[in-house]
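First the structure, in the form of structure tokens, and then the observations on it.
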Amino acid sequence: MTAVDTPVAAGRPRAPASVGQAVVSVLVIGLVVGPFVPLVYSSFRSKPVYLPGGVFSLGGYRTLFADPAYRTAVKNTLLFAVGTTALAVAGGTLLAILCTRTNLPGRRAYGLLLMAPSVIPPLGLIVGWTAIYGQGGYVTQLLSRNLHLPVWNLSSIPGMTVFGAVVTLPVAYLTVRSTLAGTDSSLEDAARSAGAGPLRVIGRITLPMLRPAILNCTVLIFALCLEILGIPLFLGGPSNIDFYASFLYRSWSNSGTPDPPFVSAGAVLLLVVVSLLLVVRARLSGAEQRFVTVGARSGGVHRPLDLGRWRRPASAAIGVFIAVTSVVPLLGLVLMSFVRVLTTLVAPWHLMTSDNWHAVATDPALRRSITDSLLIAVGGGAASVALVAVAALIAHRSRFPLRRLIAPALMYPRAVPGVILGMGFFWTYLMFTPGSLVRNNLWGEAIALCVRNLTLAYVVIQPSLARIGVELDRAGHAAGAGWWTVARRILLPMLRPALLAAFVFMFVTLLGDYDPVVFLQKPGTEILGVTMLQHWSTGVQGPVAALAVLQVVIVAAVLLVAGRALRRVDHA
Amino acid sequence: STGSSSITTTASSASPPAPTATLARQAASEKGLVVYANVPNQYFQPVIAAFNKQYPAIKVQVTTLDDKTVFAKYEAEAAQGARTADLLVASAPAQWVEAERNGVPAPVTPAGLDAFPSWVNQGHGVYVMSAEPMLLGYNAKLLRPSEVPHTWAQLAADAKADPAKYRMVSYPISNTLDYAGFYGLHHILGSARTQSYTAALAPVTKTYSEGLDQLNQVLQGSASIAYMATGLTQAALRQYKGIAGYVFMQDATPLVPRAAAVTAKAASPASAQLFLDFLYSEAGQQALCRGGFEATMNGFRPQAGCTASLTSLATQVPAKSTYLVPIDQAVLDRQPSITAQWNKAFHR
Amino acid sequence: MPEIRIRNLRKSFGAATVLDGIGFTVRDKEFVTLLGPSGCGKTTTLMAIAGFQSPDEGVIAVGDEVFVDRSAGVDLPAERRDLGIVFQSYALWPHMTVAQNVGFPLSLRKADKRAARERVAEVLDLVELGGHGDRYPHQLSGGQQQRVALARAIAHPPRVLLLDEPFSNLDAKLRERARDWLKQLQTSLGLTTVFVTHDQDEALAMSDRILVMHGGRILRDGTPEEVYREPGARFVAEFLGQCNFLTGSVAAGPAGSSVLRMPAFPDGITVGAAPRGPEATVAVRPQDIELDGPDAPGVDASVIEAVFLGDHYRYQVRVAGLRIEVHAPHTVACGPARIRIPPGAAVFVD
Amino acid sequence: MPEIRIRNLRKSFGAATVLDGIGFTVRDKEFVTLLGPSGCGKTTTLMAIAGFQSPDEGVIAVGDEVFVDRSAGVDLPAERRDLGIVFQSYALWPHMTVAQNVGFPLSLRKADKRAARERVAEVLDLVELGGHGDRYPHQLSGGQQQRVALARAIAHPPRVLLLDEPFSNLDAKLRERARDWLKQLQTSLGLTTVFVTHDQDEALAMSDRILVMHGGRILRDGTPEEVYREPGARFVAEFLGQCNFLTGSVAAGPAGSSVLRMPAFPDGITVGAAPRGPEATVAVRPQDIELDGPDAPGVDASVIEAVFLGDHYRYQVRVAGLRIEVHAPHTVACGPARIRIPPGAAVFVD
Ligand SMILES: Nc1ncnc2c1ncn2[C@@H]1O[C@H](COP(=O)(O)OP(=O)(O)OP(=O)(O)O)[C@@H](O)[C@H]1O
Ligand SMILES: Nc1ncnc2c1ncn2[C@@H]1O[C@H](COP(=O)(O)OP(=O)(O)OP(=O)(O)O)[C@@H](O)[C@H]1O
Ligand SMILES: [Mg+2]
Ligand SMILES: [Mg+2]
């Protein structure tokens, strides 16, 4: 999110480590560009890339623009993206300010709990939400059927926008919070001594100064909204609302001809839009110096802004927010996994069953998918974090000629819907890798999953890297260490907390992600996300809930261990 | 026994079945069987297990994909000469037609077809693995048995009479299964009646296109009826006795084929054919029925418990009310007009 | 401008007592400096006055208004204290122009737009930044930023001006200029001012009164000359500039004075105060000691190091095993020399 | 220890010329200071020597080895220059203990483990941090951190020691102590040292030679006394301490000297150098001017401000419309006084 290029005058004239840097740069750029090559190419062909006899054609683009459903999908996507981004950024910013700058009761606990939506697997969160707040959801039914109250519609654009905002809010919250932690609170004190009350301080000082951080997370969340598939696919369907990604996916899966070019064309257009977003952000943040506090020698912990009589109501509101968005759906999932069906028509204790867990436990693919997913989440997570860490060092702390390409490259995997990226990977594996080197085994799936989520690792690592002064590298060089030695012995160890955080983030995401591997999965290489998707398609949600609960338990265990480790790292 | 008079039987251009012993010998030198199927794993597992009882040496790998992906993945891999599926299983008739045109199926004839209705062979090497009746699922807590409609006419009337009680869910027409079902409905009931029923149902219907999502709505109680639901519902609802049930529509029950074909680029053609042969054997039919697929064998007698078979369907639905949607160009050709009619009724 | 009265201020962070009963009064228009080493509680005291730290105990009042009275439960929020503060980091709002920064306190008070603009121009002129209203803070030099911070603090005339090491980010040259300029401004506007610094030169040059702090207490309170000349405590003497400490036996001298005797100075050192015990330590400033060639009066000594410091030389002199620092404007060659401590140069310290 | 030779160093950032032909030589074991205001290019020069900035033009050589020669395309990477550097921010690695920080340059050179440990202990003793090897940087005070940075810089004996304002983060008191200590260490180890500062006191107190920089050029190069007493340029005079500048007409005086005449000093001011033109400006240090009561010799003047600064008083004196600053150790009452500029106190400046 904060891919602000720290202009590093780490002006070492020549880089003897350039071979290693070249290898990593080419690897990163290759991994990212790889799946896009066939996609972009096929968008200009009359036939899919893998079939002989195609000719150059703009037909794909023409089909797309001629389709009124495409235009509707674009409109829906924009409505959703604007709404979600606005809600998530506003909410995340507000919560970050409340939790770091005011005397809100319970702010420390909230600080952690607000991250919950990002640690519940995405499919699990959708299942949980639909089970509780969906059309047939427990709470919805309770209100509409039993209490005859008017209810919301989760499958409407506003409904999906709210859900989207809940999912993306942690991104905004994290970005803003870390920026706030790095700014001198005496700026706010100065405003108070000038006579401004807490609200004024927030409105006229804190918020305007957060502009770069807000801009960064706005761009990231907006881009995520453009490519999001799960929400329109699972929530939008009943109301026949398509977004960009679901439109492409559905037209693709209903078309008679194999892989029509307009799907690639749609993906390419999305790439262009995201590139434009990156350019706009670079433009807007050009004057960022204006927002960097001058000579930030932080003035220590000062008295937090007093919320006065709003203290308790605000705290209660946040508590309710967390309960409604995370706790209740999570409890719903747990309950669902123990009943035959979660319905208001029959009391749950009449429906108690262990069948869901039994089905999950006896599914022969399940044990494999757990081990495979753990393998990918641990191994792939570690490898991606390592790769992104080194790539970030090259991008921001070296003179390697290609370094300027790396930061934007790391943003692109999240610029197109995962399903389409997966298709690109499938074609690339099919056409460019010798034999079935990676196509037919877990490697292929692992690579696709990891590449798609490189962006996440990068947005966690980059801000921490930016906070490490260049002089620390220089001191290393002066001591006689080359680029790689400095990276290995100074920068990477100092980045440990960020690396660990990035790893946890990757772990959680890799454990639950599924869309890039829809094309790649095959028996013997199942992963949890896909197994869950397949249970879903049998129409019986109990086992899906059981799987989601299982994932949450695994994630919770990992977080617990990581939390311990993080505390130890922080102590060092 | 089942099957209406108008079932299409394309003349077979396929070669006569090879003897099983020869195939088994060839299969021994092949490297297992790869299947791309649109079947949820848990339903297909009994079938594989039964096959492996006969041929323990043949390792069967089933990759579960949606209809479209079954073909897209195969065609891309085949075009590049990569190892790909030996056998495809999918339901979308329209896409099978396209696949036939692209030369996807190999001209293979399974042994034992004599015991089956002739329409099992759809020509070009495509065979109906199961003919699944589209049915109606209902919530037993919301509807008393007497309130459950057994005909489309009744369903349409109920929808008009008590829209609050008869809240319904179904697929959208963009779903290939749903389209096939509607094609069948048009065929059995005629377009005029189908249209009037559709118009009556549209205002009380919400559509879910993913998997068996709509079943959940019925189970949870946000809808009381799921119509034009897939035949797999029979198996899925087994565990919800007392909460939900299903009925076949007496006036029109379209059968949607779940078809299988050995592929032209199969790396294990013999194993694939053995599997196909197995499907059309007594053991295979029993296994399909157990999995929830509709057994199609003439005079099929289900073993304990399983109900999914055309013989048992015949006892519940008059023969003239059933119709197997064929895999042929006509299905493709009528798609725009039927889709448009549906969309109009649903204001889409 | 009102006076500030502070009584018995106490503050602990966990087990650490940071303010240990601070009490003082700043009179109307007075410029008082809190001087002390890092961590002695200067900022904490200032922030307690400003309202950003709640003391555990104590009373703070400005004029008629009680800001803090812990026993009465009074603790006025910062924004209602009407003070001008300049923070060590300046705390200029980077997203506002200079004029917006300075105008902020006025705009909060819903001042008439035009009047506010005039006042901003006036204040900016006052801090000699007339033409810079449209710039952003990052386009200014450190010295200019510091003046903007000051302009902002006085834009809406504050009851009291509080400054926390406002010059510590400036370079030596700028710092001196800024000092003079601030002192002049303070005098001409008649601002009651509390100034925090750990730089003794700054404290001496600017203050009407200096409070020397150490470990959360006030050790010495007086005018710069009083504090410098009569430090009272060894810590104060040392903190206010280099000092030599000599210990010896004391005898009464003529007219209420004393004589300190020690091997290095067998004739004794005359101290202008009556003896307080048989043994005592005196502080002698390096520049008060007379040092000259071997023919001058005084005791025998040896110059072992001479460093040129611009306006004077710094000598390290050895006298009978003692090492004494002497500052003198004139050159003395290394080697044998004579040293003399004139009467009045030495004062008793604890 | 080898000498450093720098010739014609040039560097621009975009349109801004930061180094405009810098050239100087540092002799073996010499302590040379780059002194100048903020932004004059001191750090850039130092970083060019260290290898963190590539000059656009110029030659840098240490001993026999050419580090940089743009015309020959030579530009040795920093890690192969074998220099010791202390950064303004210390740049201690927070994840390593003090011993690991100091031992890092040794471990890079695959030194024998035991020998390395001994060397670390030795160097830590040298910087008086004997028992602190196991602490982490954040557990040390500023002064201690600065010493660790120095220990690290000298652990693997460097060819040259480079220091970029190493004391600017220390408070006044600590800074003075650190100065003495560093100078002593440098002398005893015989380290060739380039020191960067903007603090003239620091430069005067420590250097063998001072290079005064301004706007990317070296204005003056000489020993502290030379630079202070014969600044040559007005900028140098001003930068090295307060200065009064007087302009008048010049006539030849006796024995190669000159006399500067102006209304305030009708008898003229004697300058110890031959006149260079009919008009000239001289610089006079405040402490070189004699100020006394109205009965003393000299011209009539009026004391308008007196500030006590501990070791001296600072007076603002008005003489026939001129405002002159005078420093004197004794008290002079405000009001009429006499002022005198003794021969030799004034020097010509450009
Ligand atoms: N929020 C806090 N929690 C714990 N200790 C604190 C806190 N704020 C200040 N202290 C401690 O209180 C003591 C006094 O701090 P204060 O900031 O008043 O010192 P100071 O005199 O201003 O020092 P400096 O010259 O370094 O600014 C210090 O030892 C500091 O570590
Ligand atoms: N990377 C850069 N890009 C553009 N200008 C730069 C860059 N680095 C330095 N400068 C400019 O070069 C000039 C000299 O910088 P340098 O850091 O050498 O100054 P300095 O003498 O060390 O000053 P200070 O005492 O403030 O540290 C400054 O005006 C600075 O703004
Ligand atoms: Mg302080
Ligand atoms: Mg510098």
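Identifiers in the structure tokens: chain A, B, ... in order shown; residue index from 1 per chain; ligand index from 1 in order shown.
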
> Where in range 352-533 of chain A does DSSP assign helix (DSSP H, G or I), given as a ChimeraX atom specification?
Replying inline: /A:355-362,364-397,403-414,418-432,442-466,470-478,483-494,496-512,515-517,528-533

>> Let me see if you get this right: every residue at most 7 Å from ligand 1, counting only C-alpha atoms and all ligand atoms, written as an MDAnalysis selection string.
In response: (chainID A and resid 300:302) or (chainID C and resid 13 18 36:45 197:198)

Output the selection as an mmCIF file, in the first residue's frame - N, CA and C atoms for each residue.
data_model
loop_
_atom_site.group_PDB
_atom_site.id
_atom_site.type_symbol
_atom_site.label_atom_id
_atom_site.label_comp_id
_atom_site.auth_asym_id
_atom_site.auth_seq_id
_atom_site.Cartn_x
_atom_site.Cartn_y
_atom_site.Cartn_z
ATOM 1 N N GLY A 300 7.312 11.823 22.985
ATOM 2 C CA GLY A 300 6.876 10.918 24.029
ATOM 3 C C GLY A 300 5.370 10.773 24.087
ATOM 4 N N VAL A 301 4.918 9.991 25.059
ATOM 5 C CA VAL A 301 3.485 9.740 25.163
ATOM 6 C C VAL A 301 2.823 10.925 25.841
ATOM 7 N N HIS A 302 1.884 11.512 25.153
ATOM 8 C CA HIS A 302 1.201 12.642 25.750
ATOM 9 C C HIS A 302 -0.203 12.249 26.153
ATOM 10 N N PHE C 13 5.921 8.044 37.096
ATOM 11 C CA PHE C 13 5.574 7.064 36.061
ATOM 12 C C PHE C 13 5.953 5.711 36.622
ATOM 13 N N VAL C 18 9.207 11.429 38.819
ATOM 14 C CA VAL C 18 9.763 12.353 37.841
ATOM 15 C C VAL C 18 9.699 13.786 38.356
ATOM 16 N N GLY C 36 18.269 22.252 33.397
ATOM 17 C CA GLY C 36 18.688 21.020 34.047
ATOM 18 C C GLY C 36 19.074 19.989 33.020
ATOM 19 N N PRO C 37 19.698 18.929 33.489
ATOM 20 C CA PRO C 37 20.152 17.909 32.535
ATOM 21 C C PRO C 37 18.974 17.116 31.985
ATOM 22 N N SER C 38 19.267 16.352 30.970
ATOM 23 C CA SER C 38 18.245 15.535 30.327
ATOM 24 C C SER C 38 17.587 14.612 31.350
ATOM 25 N N GLY C 39 16.269 14.559 31.304
ATOM 26 C CA GLY C 39 15.557 13.622 32.163
ATOM 27 C C GLY C 39 15.260 14.146 33.550
ATOM 28 N N CYS C 40 15.520 15.420 33.810
ATOM 29 C CA CYS C 40 15.319 15.912 35.168
ATOM 30 C C CYS C 40 13.883 16.331 35.402
ATOM 31 N N GLY C 41 13.054 16.337 34.370
ATOM 32 C CA GLY C 41 11.645 16.647 34.571
ATOM 33 C C GLY C 41 11.202 17.999 34.046
ATOM 34 N N LYS C 42 12.032 18.631 33.243
ATOM 35 C CA LYS C 42 11.690 19.963 32.733
ATOM 36 C C LYS C 42 10.448 19.904 31.845
ATOM 37 N N THR C 43 10.496 18.994 30.860
ATOM 38 C CA THR C 43 9.368 18.908 29.941
ATOM 39 C C THR C 43 8.103 18.505 30.682
ATOM 40 N N THR C 44 8.254 17.594 31.619
ATOM 41 C CA THR C 44 7.083 17.157 32.378
ATOM 42 C C THR C 44 6.442 18.333 33.090
ATOM 43 N N THR C 45 7.267 19.170 33.709
ATOM 44 C CA THR C 45 6.738 20.351 34.395
ATOM 45 C C THR C 45 6.003 21.265 33.411
ATOM 46 N N THR C 197 15.359 24.570 29.004
ATOM 47 C CA THR C 197 16.576 24.308 28.234
ATOM 48 C C THR C 197 17.539 23.472 29.062
ATOM 49 N N HIS C 198 18.473 22.843 28.383
ATOM 50 C CA HIS C 198 19.553 22.226 29.147
ATOM 51 C C HIS C 198 20.872 22.911 28.806
#

>> Report as a ChimeraX atom specification all protein, DNA and RNA residues lying within 12 Å of Ala314 in chain B, evaluated on only C-alpha atoms, omitting residues in the same chain fewer than 5 positions from it.
In response: /B:1-4,133,248,250,253,294-296,298-300,307-309,319-323

> Do you know which residues are at most 8 Å from range 69-76 of chain C counting only C-alpha atoms, after dropping those on the same chain fewer than 5 positions away, and could you put them as a PyMOL selection string?
Replying inline: chain C and resi 51+54-60+81

Export of the given selection (N, CA, C and O atoms) as a compact mmCIF listing (two decimals), in the first residue's frame:
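And here is the file that came out, again.txt:
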# COMPACT_ATOMS: atom_id res chain seq x y z
N GLY C 51 -1.09 21.35 30.22
CA GLY C 51 -2.27 20.49 30.28
C GLY C 51 -2.11 19.19 29.54
O GLY C 51 -3.09 18.51 29.26
N SER C 54 -1.04 15.12 33.46
CA SER C 54 -1.76 15.37 34.70
C SER C 54 -0.84 15.05 35.85
O SER C 54 -0.43 13.91 35.99
N PRO C 55 -0.51 16.04 36.68
CA PRO C 55 0.33 15.71 37.86
C PRO C 55 -0.47 14.83 38.81
O PRO C 55 -1.70 14.82 38.80
N ASP C 56 0.28 14.08 39.63
CA ASP C 56 -0.41 13.24 40.61
C ASP C 56 -0.90 14.07 41.79
O ASP C 56 -1.86 13.73 42.46
N GLU C 57 -0.18 15.15 42.02
CA GLU C 57 -0.48 16.00 43.17
C GLU C 57 -0.08 17.41 42.80
O GLU C 57 0.79 17.60 41.94
N GLY C 58 -0.65 18.39 43.46
CA GLY C 58 -0.17 19.75 43.26
C GLY C 58 -1.21 20.69 42.73
O GLY C 58 -2.32 20.31 42.37
N VAL C 59 -0.81 21.95 42.68
CA VAL C 59 -1.70 23.01 42.24
C VAL C 59 -0.99 23.84 41.18
O VAL C 59 0.19 24.15 41.32
N ILE C 60 -1.69 24.15 40.10
CA ILE C 60 -1.15 25.08 39.10
C ILE C 60 -2.23 26.13 38.87
O ILE C 60 -3.38 25.81 38.58
N ARG C 81 -6.88 26.47 28.21
CA ARG C 81 -5.94 27.19 29.08
C ARG C 81 -5.40 28.45 28.44
O ARG C 81 -4.73 29.25 29.09

> What residues in range 28-182 of chain D get the DSSP label strand (DSSP E)? Please answer as a ChimeraX atom specification.
Replying inline: /D:31-35,57-62,65-69,74-75,84-86,161-164

Show which residues sit within 10 Å of range 128-134 of chain C, as a PDB file with C-alpha atoms, in the first residue's frame. Count only C-alpha atoms, and ignore same-chain residues fewer than 5 positions away.
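Just written: around-v4.pdb:
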ATOM      1  CA  MET C  96      -0.797  24.045   6.226  1.00  0.00           C
ATOM      2  CA  THR C  97       1.005  27.078   4.891  1.00  0.00           C
ATOM      3  CA  VAL C  98       2.825  29.360   7.258  1.00  0.00           C
ATOM      4  CA  ALA C  99      -0.120  31.751   7.286  1.00  0.00           C
ATOM      5  CA  GLN C 100      -2.563  28.927   7.951  1.00  0.00           C
ATOM      6  CA  ASN C 101      -0.407  27.643  10.772  1.00  0.00           C
ATOM      7  CA  VAL C 102      -0.260  31.044  12.385  1.00  0.00           C
ATOM      8  CA  VAL C 120      -1.395  37.003  10.902  1.00  0.00           C
ATOM      9  CA  ALA C 121       0.450  39.526   8.765  1.00  0.00           C
ATOM     10  CA  GLU C 122       1.281  41.550  11.839  1.00  0.00           C
ATOM     11  CA  VAL C 123       2.604  38.558  13.758  1.00  0.00           C
ATOM     12  CA  GLN C 139      10.237  25.049   2.469  1.00  0.00           C
ATOM     13  CA  LEU C 140      11.687  26.933   5.414  1.00  0.00           C
ATOM     14  CA  GLN C 144      12.490  30.169  10.115  1.00  0.00           C
ATOM     15  CA  GLN C 145      10.406  27.195  11.220  1.00  0.00           C
ATOM     16  CA  ARG C 147       9.963  31.531  14.260  1.00  0.00           C
ATOM     17  CA  VAL C 148       6.745  30.319  12.688  1.00  0.00           C
ATOM     18  CA  ALA C 151       4.374  33.321  15.713  1.00  0.00           C
ATOM     19  CA  TRP C 181      15.561  37.984  18.940  1.00  0.00           C
TER      20      TRP C 181
END

>> Quick one: residues within 8 Å of Ile120 in chain A, only C-alpha atoms, excluding same-chain residues fewer than 4 positions away - as JSON, numbers by chain?
In response: {"A": [116, 124, 125, 508, 551, 552, 555]}

> Which residues, written as a count of residues only, have at least one atom at most 9 Å from His327 in chain C, with only C-alpha atoms counted and residues fewer than 5 positions away on the same chain left out?
Replying inline: 12

>> What's the separation between CA of Ala328 in chain D and CA of Arg209 in chain D, in Å to one decimal place?
In response: 28.2 Å

> Suppose you want the space between CA of Ser369 in chain A and CA of Thr509 in chain A; what is it in Å?
Replying inline: 15.1 Å

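Set the cut-off at 8 Å, count only C-alpha atoms, and the residues of chain C near chain A turn out to be Ala50, Phe52, Gln53, Ser54, Ala78, Glu79, Arg80, Arg81, Asp82, Leu83, Gly84, Ile85, Val86, Phe87, Ser89, Ala91, Leu92, Trp93, Pro94, His95, Phe104, Pro105, Leu108, Arg109, Tyr136, Pro137, His138 and Ala153 of chain C.
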
As a compact mmCIF listing (two decimals) with N, CA and C atoms, in the first residue's frame, could you give me every residue of chain A near chain B (at most 8 Å apart, counting only C-alpha atoms)?
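Heads up, here's the output in selection-v1.txt:
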# COMPACT_ATOMS: atom_id res chain seq x y z
N TYR A 50 -3.42 -21.22 -27.07
CA TYR A 50 -2.91 -22.58 -27.22
C TYR A 50 -3.43 -23.27 -28.47
N LEU A 51 -4.40 -22.66 -29.13
CA LEU A 51 -4.94 -23.29 -30.33
C LEU A 51 -4.25 -22.72 -31.56
N PRO A 52 -3.99 -23.54 -32.54
CA PRO A 52 -3.35 -23.03 -33.76
C PRO A 52 -4.39 -22.26 -34.58
N GLN A 135 -29.78 -13.91 2.90
CA GLN A 135 -31.22 -14.06 2.63
C GLN A 135 -31.86 -15.04 3.60
N GLY A 136 -31.24 -16.22 3.74
CA GLY A 136 -31.81 -17.22 4.63
C GLY A 136 -31.06 -17.29 5.94
N GLY A 137 -30.29 -16.25 6.23
CA GLY A 137 -29.44 -16.27 7.40
C GLY A 137 -30.23 -16.28 8.70
N TYR A 138 -29.57 -16.72 9.73
CA TYR A 138 -30.25 -16.94 11.00
C TYR A 138 -30.84 -15.64 11.54
N GLN A 141 -33.59 -14.23 9.26
CA GLN A 141 -34.83 -14.96 9.42
C GLN A 141 -35.49 -14.65 10.76
N LEU A 233 -19.81 -13.37 -6.67
CA LEU A 233 -20.17 -14.73 -7.07
C LEU A 233 -21.12 -15.35 -6.05
N PHE A 234 -20.79 -15.22 -4.78
CA PHE A 234 -21.59 -15.89 -3.77
C PHE A 234 -22.72 -15.03 -3.23
N GLY A 237 -25.05 -13.23 -6.77
CA GLY A 237 -25.83 -14.12 -7.61
C GLY A 237 -27.34 -14.03 -7.43
N PRO A 238 -27.84 -14.19 -6.20
CA PRO A 238 -29.29 -14.22 -6.01
C PRO A 238 -29.98 -12.97 -6.53
N SER A 239 -29.29 -11.85 -6.52
CA SER A 239 -29.92 -10.63 -7.03
C SER A 239 -29.48 -10.34 -8.45
N ASN A 240 -28.79 -11.30 -9.04
CA ASN A 240 -28.37 -11.13 -10.43
C ASN A 240 -27.51 -9.89 -10.61
N TRP A 252 -17.38 -16.45 -19.17
CA TRP A 252 -16.43 -17.46 -19.59
C TRP A 252 -17.03 -18.85 -19.38
N SER A 253 -17.61 -19.08 -18.20
CA SER A 253 -18.05 -20.45 -17.91
C SER A 253 -19.34 -20.82 -18.64
N ASN A 254 -20.02 -19.83 -19.22
CA ASN A 254 -21.22 -20.17 -19.97
C ASN A 254 -21.02 -20.13 -21.48
N SER A 255 -19.83 -19.72 -21.90
CA SER A 255 -19.66 -19.57 -23.34
C SER A 255 -19.44 -20.94 -23.98
N GLY A 256 -19.90 -21.04 -25.22
CA GLY A 256 -19.73 -22.30 -25.93
C GLY A 256 -18.30 -22.49 -26.38
N THR A 257 -17.72 -21.44 -26.95
CA THR A 257 -16.36 -21.57 -27.49
C THR A 257 -15.36 -21.62 -26.35
N PRO A 258 -14.24 -22.32 -26.58
CA PRO A 258 -13.23 -22.38 -25.52
C PRO A 258 -12.54 -21.03 -25.36
N ASP A 259 -12.35 -20.64 -24.11
CA ASP A 259 -11.59 -19.46 -23.74
C ASP A 259 -11.75 -18.28 -24.70
N ARG A 340 -27.32 -29.99 11.66
CA ARG A 340 -27.56 -30.44 10.29
C ARG A 340 -27.85 -29.25 9.39
N VAL A 341 -28.61 -28.33 9.93
CA VAL A 341 -28.83 -27.10 9.19
C VAL A 341 -29.13 -26.01 10.20
N LEU A 342 -28.66 -24.82 9.91
CA LEU A 342 -28.88 -23.71 10.83
C LEU A 342 -30.15 -22.99 10.39
N THR A 343 -31.22 -23.22 11.12
CA THR A 343 -32.48 -22.61 10.70
C THR A 343 -33.25 -22.16 11.93
N THR A 344 -34.08 -21.17 11.74
CA THR A 344 -34.88 -20.69 12.85
C THR A 344 -36.14 -21.53 13.02
N LEU A 345 -36.35 -22.44 12.06
CA LEU A 345 -37.59 -23.22 12.09
C LEU A 345 -37.53 -24.33 13.13
N ASP A 363 -13.41 -37.60 4.58
CA ASP A 363 -13.11 -37.24 3.20
C ASP A 363 -11.65 -37.57 2.93
N TRP A 427 -1.98 -21.46 -18.61
CA TRP A 427 -1.49 -21.37 -19.99
C TRP A 427 0.03 -21.29 -20.03
N LEU A 430 1.50 -24.51 -19.36
CA LEU A 430 1.22 -25.39 -20.47
C LEU A 430 2.17 -25.12 -21.63
N MET A 431 2.43 -23.83 -21.87
CA MET A 431 3.15 -23.47 -23.09
C MET A 431 4.62 -23.20 -22.88
N GLY A 435 7.78 -29.90 -20.27
CA GLY A 435 7.03 -31.05 -19.76
C GLY A 435 5.95 -30.60 -18.82
N SER A 436 5.77 -31.36 -17.79
CA SER A 436 4.78 -30.94 -16.80
C SER A 436 5.54 -30.64 -15.52
N VAL A 518 -8.23 -22.82 -9.27
CA VAL A 518 -9.38 -23.52 -9.83
C VAL A 518 -8.96 -24.34 -11.05
N PHE A 519 -8.06 -23.79 -11.84
CA PHE A 519 -7.61 -24.45 -13.07
C PHE A 519 -6.53 -25.48 -12.84
N GLN A 521 -5.79 -27.27 -9.90
CA GLN A 521 -5.87 -28.33 -8.92
C GLN A 521 -6.18 -29.66 -9.62
N LYS A 522 -5.71 -30.70 -9.00
CA LYS A 522 -6.01 -32.04 -9.48
C LYS A 522 -5.92 -32.99 -8.30
N PRO A 523 -6.45 -34.19 -8.45
CA PRO A 523 -6.42 -35.09 -7.29
C PRO A 523 -4.99 -35.33 -6.85
N GLN A 534 -15.52 -27.18 -3.05
CA GLN A 534 -16.20 -28.35 -3.57
C GLN A 534 -17.28 -28.85 -2.63
N HIS A 535 -17.02 -28.76 -1.35
CA HIS A 535 -18.08 -29.11 -0.40
C HIS A 535 -19.26 -28.17 -0.56
N TRP A 536 -18.94 -26.91 -0.79
CA TRP A 536 -19.97 -25.90 -1.00
C TRP A 536 -20.86 -26.29 -2.18
N SER A 537 -20.20 -26.76 -3.25
CA SER A 537 -20.97 -27.02 -4.45
C SER A 537 -21.88 -28.24 -4.29
N THR A 538 -21.70 -29.02 -3.22
CA THR A 538 -22.64 -30.11 -3.00
C THR A 538 -23.90 -29.59 -2.34
N GLY A 539 -23.89 -28.31 -1.98
CA GLY A 539 -25.10 -27.71 -1.45
C GLY A 539 -25.27 -27.91 0.03
N VAL A 540 -24.37 -28.61 0.66
CA VAL A 540 -24.51 -28.87 2.07
C VAL A 540 -23.45 -28.06 2.78
N GLN A 541 -23.90 -27.11 3.60
CA GLN A 541 -22.92 -26.15 4.11
C GLN A 541 -22.30 -26.56 5.43
